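Chemist: Dropping the structure in here first, questions after.
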Amino acid sequence: MVAGASTPRKHSYDVVIIGGAMIGSSIAWFLSDPNSNNAAFDGSVLVVERDPTYENSSTSRTNSCMRQQFSNELNIKISQFAAEFVRNFADYMGNDPEAPELAVNHFGYMYLAPSGVHVRSDGDVYLAGCAPDDDRAVDHNNLRMDRDIWEEKVWPALAHRIPAFERTKVMTQWAGHYAYNTLDHNVVVGPHNEVSNFIFANGFSGHGLQQSPAIGRGVAELITYNEYRTLDLTPLGYDRIARREPFTETAII
Ligand SMILES: Cc1cc2nc3c(=O)[nH]c(=O)nc-3n(C[C@H](O)[C@H](O)[C@H](O)COP(=O)(O)OP(=O)(O)OC[C@H]3O[C@@H](n4cnc5c(N)ncnc54)[C@H](O)[C@@H]3O)c2cc1C
């Protein structure tokens, strides 16, 4: 893989990936790297990214959590592969000395169901969040933050459940976009049913970071072998959207 090029080296590519954040990079890696299980792919890959800083991407604004508590068995299997991938990251990277060591912290999440507020420890501090009550679709570059949400929603909910939270103060805060599939809160992955040679991998509904290894592997398998070889992701395909038949995940944050 050649990183950082601003002008494509060739006039045409076998695979063009739109968006080079978590998901685009994962697909590109599973297609290109000899240590992945798609070594049979020998085509060319171009990743097109409009903002190489990734500043406003969801990937840069994630809470970076993996969990295995999902209502949908396939999502559990997808996250189990994420845990396996992270645990064996050095092996997957071919023990490349330049590959970073991944620091994994184990902790529990507390989710306050009526308010939708969630909290977890984060080293010496805590990380809390929620979706806004008035959660309208906004422009992709609108990352304006409603600073009242802490005072009016998150803090009261936490202090009610854990009185010691009365004394907390905000050290830092941020907002990010959830690509939210309103049909069933799950990713759409796989071929379009009418447009040939077009594969979706989007709509992760808040759990895309941990799904990136399995989705990258799956899409690479589809491209290489025209079928899923490890984990069958067919139920997450676009067909269900076209038929309006949800494949629902209820455990969403
Ligand atoms: C606050 C927050 C917390 C989260 N916490 C978690 C968590 O704990 N665990 C978890 O698993 N998930 C979490 N998520 C969800 C996760 O971050 C996303 O599902 C995941 O990052 C999606 O990755 P992506 O690569 O599909 O999209 P993005 O990271 O949004 O990347 C899309 C990329 O495509 C580029 N792009 C878009 N259009 C074009 C175009 N036309 N041409 C070229 N490039 C284009 C963009 O510039 C961007 O870099 C969280 C999300 C948020 C916002």
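Scheme for the structure tokens: letters A, B, ... for chains in order shown; per-chain residue numbers from 1; ligand numbers from 1 in order shown.
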For segment 36-117 of chain A versus segment 185-199 of chain A, which residues have an atom no more than 12 Å away, and what is each residue's nearest atom pair and distance in Å rounded to one decimal, using only C-alpha atoms, chain-then-number order, as JSON lines?
Modeler:
```
{"residue": "A:Phe70", "atom": "CA", "partner": "A:Asn186", "partner_atom": "CA", "distance": 11.1}
{"residue": "A:Ser71", "atom": "CA", "partner": "A:His185", "partner_atom": "CA", "distance": 11.3}
{"residue": "A:Asn72", "atom": "CA", "partner": "A:Asn186", "partner_atom": "CA", "distance": 9.7}
{"residue": "A:Leu74", "atom": "CA", "partner": "A:Asn186", "partner_atom": "CA", "distance": 10.5}
{"residue": "A:Asn75", "atom": "CA", "partner": "A:Asn186", "partner_atom": "CA", "distance": 8.8}
{"residue": "A:Ile78", "atom": "CA", "partner": "A:Val187", "partner_atom": "CA", "distance": 11.3}
```
Chemist: Hey, which residues come within 6 Å of ligand 1 if we count only C-alpha atoms and all ligand atoms? Could you give them as a PyMOL selection string?
Modeler: chain A and resi 18-24+48-51+54+57-59+61-66+175-178+202+204+206-210
Chemist: List as an NGL selection string the protein and nucleic acid residues near segment 80-84 of chain A, meaning an atom at most 7 Å away when only C-alpha atoms are counted, but skip any in the same chain fewer than 2 places from it.
Modeler: :A and (68 or 76-78 or 86-88 or 210-211 or 213-214)
Chemist: How would the residues just picked look written out with N, CA and C atoms as a tab-separated table (two decimals), in the first residue's frame?
Modeler:
```
chain	number	residue	atom	x	y	z
A	68	GLN	N	-19.27	-7.09	23.68
A	68	GLN	CA	-19.88	-8.27	23.08
A	68	GLN	C	-21.32	-8.44	23.52
A	76	ILE	N	-22.57	-10.04	17.77
A	76	ILE	CA	-21.67	-10.59	18.79
A	76	ILE	C	-20.46	-11.23	18.09
A	77	LYS	N	-20.72	-12.01	17.05
A	77	LYS	CA	-19.62	-12.67	16.33
A	77	LYS	C	-18.70	-11.63	15.67
A	78	ILE	N	-19.32	-10.57	15.15
A	78	ILE	CA	-18.52	-9.51	14.52
A	78	ILE	C	-17.59	-8.88	15.56
A	86	VAL	N	-7.61	-7.38	17.69
A	86	VAL	CA	-6.83	-6.46	18.52
A	86	VAL	C	-5.83	-7.23	19.38
A	87	ARG	N	-6.29	-8.37	19.93
A	87	ARG	CA	-5.38	-9.18	20.77
A	87	ARG	C	-4.18	-9.67	19.98
A	88	ASN	N	-4.40	-9.99	18.72
A	88	ASN	CA	-3.32	-10.56	17.90
A	88	ASN	C	-2.84	-9.57	16.83
A	210	GLN	N	-15.74	-1.08	16.30
A	210	GLN	CA	-15.48	-2.48	16.64
A	210	GLN	C	-15.87	-3.42	15.50
A	211	GLN	N	-16.65	-2.93	14.54
A	211	GLN	CA	-17.05	-3.82	13.45
A	211	GLN	C	-16.07	-3.75	12.28
A	213	PRO	N	-12.88	-4.64	11.73
A	213	PRO	CA	-12.12	-5.79	11.25
A	213	PRO	C	-13.00	-6.80	10.50
A	214	ALA	N	-14.16	-7.13	11.06
A	214	ALA	CA	-15.01	-8.14	10.40
A	214	ALA	C	-15.60	-7.62	9.09
```
Chemist: For segment 94-110 of chain A, find every residue with an atom within 7 Å (counting only C-alpha atoms), except residues of its own chain fewer than 2 positions away, and show them as a list in words.
Modeler: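 The residues that qualify are Asn35, Ala90, Asp91, Tyr92, Leu112, His118, Val119 and Arg120 of chain A.
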Chemist: Which residues are close to Val45 of chain A, i.e. within 8 Å by only C-alpha atoms, leaving aside same-chain residues fewer than 5 positions away? Reply as a ChimeraX atom specification.
Modeler: /A:13-17,28,31-32
Chemist: Please save C-alpha atoms of the selected residues as a PDB file, in the first residue's frame.
Modeler:
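Once everything was written out, this is out_23.pdb:
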```
ATOM      1  CA  TYR A  13      -8.065   0.596 -10.469  1.00  0.00           C
ATOM      2  CA  ASP A  14      -9.757  -2.720  -9.823  1.00  0.00           C
ATOM      3  CA  VAL A  15     -11.199  -1.474  -6.531  1.00  0.00           C
ATOM      4  CA  VAL A  16     -11.929   2.117  -5.551  1.00  0.00           C
ATOM      5  CA  ILE A  17     -12.797   2.683  -1.886  1.00  0.00           C
ATOM      6  CA  ALA A  28      -8.002  -1.779   1.902  1.00  0.00           C
ATOM      7  CA  LEU A  31      -7.423  -6.653   0.306  1.00  0.00           C
ATOM      8  CA  SER A  32      -3.785  -5.638   0.140  1.00  0.00           C
TER       9      SER A  32
END
```
Chemist: Ranking A:Ser79, A:Asp135, A:Ala159, A:Gln173 by minimum distance to Leu231 of chain A and counting only C-alpha atoms, which one comes first?
Modeler: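 With only C-alpha atoms as the atom set, the closest residue is A:Ser79.
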Chemist: Find the residue from A:Leu222, A:Ile241, A:Met171, A:Ala113 that sits nearest to Leu127 of chain A; use only C-alpha atoms when measuring.
Modeler: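 Among A:Leu222, A:Ile241, A:Met171, A:Ala113, it is A:Met171 that comes nearest to Leu127 of chain A.
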Chemist: Which value, in Å to one decimal, gives the distance between atom CA of Val117 of chain A and atom CA of Phe247 of chain A?
Modeler: 24.8 Å
Chemist: Which of segment 1-52 of chain A counts as alpha helix (DSSP H) under DSSP, as a list in words please?
Modeler: Met22, Ile23, Gly24, Ser25, Ser26, Ile27, Ala28, Trp29, Phe30, Leu31 and Ser32 of chain A
Chemist: Just to be explicit: take each residue in the selection above, keep N, CA and C atoms, and write the result as a PDB file, in the first residue's frame.
Modeler:
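Full text of part33.pdb as output:
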```pdb
ATOM      1  N   MET A  22     -11.806   4.417   9.294  1.00  0.00           N
ATOM      2  CA  MET A  22     -11.731   3.065   9.875  1.00  0.00           C
ATOM      3  C   MET A  22     -12.162   1.970   8.888  1.00  0.00           C
ATOM      4  N   ILE A  23     -13.296   2.189   8.273  1.00  0.00           N
ATOM      5  CA  ILE A  23     -13.854   1.120   7.436  1.00  0.00           C
ATOM      6  C   ILE A  23     -13.108   1.025   6.101  1.00  0.00           C
ATOM      7  N   GLY A  24     -12.879   2.171   5.470  1.00  0.00           N
ATOM      8  CA  GLY A  24     -12.156   2.142   4.196  1.00  0.00           C
ATOM      9  C   GLY A  24     -10.761   1.560   4.363  1.00  0.00           C
ATOM     10  N   SER A  25     -10.087   1.954   5.444  1.00  0.00           N
ATOM     11  CA  SER A  25      -8.730   1.443   5.674  1.00  0.00           C
ATOM     12  C   SER A  25      -8.747  -0.054   5.943  1.00  0.00           C
ATOM     13  N   SER A  26      -9.762  -0.498   6.672  1.00  0.00           N
ATOM     14  CA  SER A  26      -9.831  -1.929   6.987  1.00  0.00           C
ATOM     15  C   SER A  26     -10.028  -2.744   5.711  1.00  0.00           C
ATOM     16  N   ILE A  27     -10.951  -2.295   4.857  1.00  0.00           N
ATOM     17  CA  ILE A  27     -11.175  -3.027   3.596  1.00  0.00           C
ATOM     18  C   ILE A  27      -9.880  -3.036   2.771  1.00  0.00           C
ATOM     19  N   ALA A  28      -9.240  -1.869   2.694  1.00  0.00           N
ATOM     20  CA  ALA A  28      -8.002  -1.779   1.902  1.00  0.00           C
ATOM     21  C   ALA A  28      -6.944  -2.707   2.471  1.00  0.00           C
ATOM     22  N   TRP A  29      -6.828  -2.758   3.810  1.00  0.00           N
ATOM     23  CA  TRP A  29      -5.800  -3.613   4.411  1.00  0.00           C
ATOM     24  C   TRP A  29      -6.089  -5.088   4.123  1.00  0.00           C
ATOM     25  N   PHE A  30      -7.353  -5.495   4.305  1.00  0.00           N
ATOM     26  CA  PHE A  30      -7.665  -6.913   4.083  1.00  0.00           C
ATOM     27  C   PHE A  30      -7.491  -7.301   2.619  1.00  0.00           C
ATOM     28  N   LEU A  31      -7.648  -6.335   1.717  1.00  0.00           N
ATOM     29  CA  LEU A  31      -7.423  -6.653   0.306  1.00  0.00           C
ATOM     30  C   LEU A  31      -5.941  -6.712  -0.031  1.00  0.00           C
ATOM     31  N   SER A  32      -5.152  -5.870   0.621  1.00  0.00           N
ATOM     32  CA  SER A  32      -3.785  -5.638   0.140  1.00  0.00           C
ATOM     33  C   SER A  32      -2.707  -6.374   0.899  1.00  0.00           C
TER      34      SER A  32
END
```
Chemist: Run DSSP on the backbone and tell me which residues of segment 108-237 of chain A come out as strand (DSSP E); list them as a VMD selection string.
Modeler: chain A and resid 110 to 112 117 to 122 125 to 129 188 to 191 199 to 202
Chemist: Mind giving me the straight-line distance from atom CA of Trp174 of chain A to atom CA of Ala137 of chain A in Å, one decimal?
Modeler: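 About the pair atom CA of Trp174 of chain A and atom CA of Ala137 of chain A: they are 17.5 Å apart.
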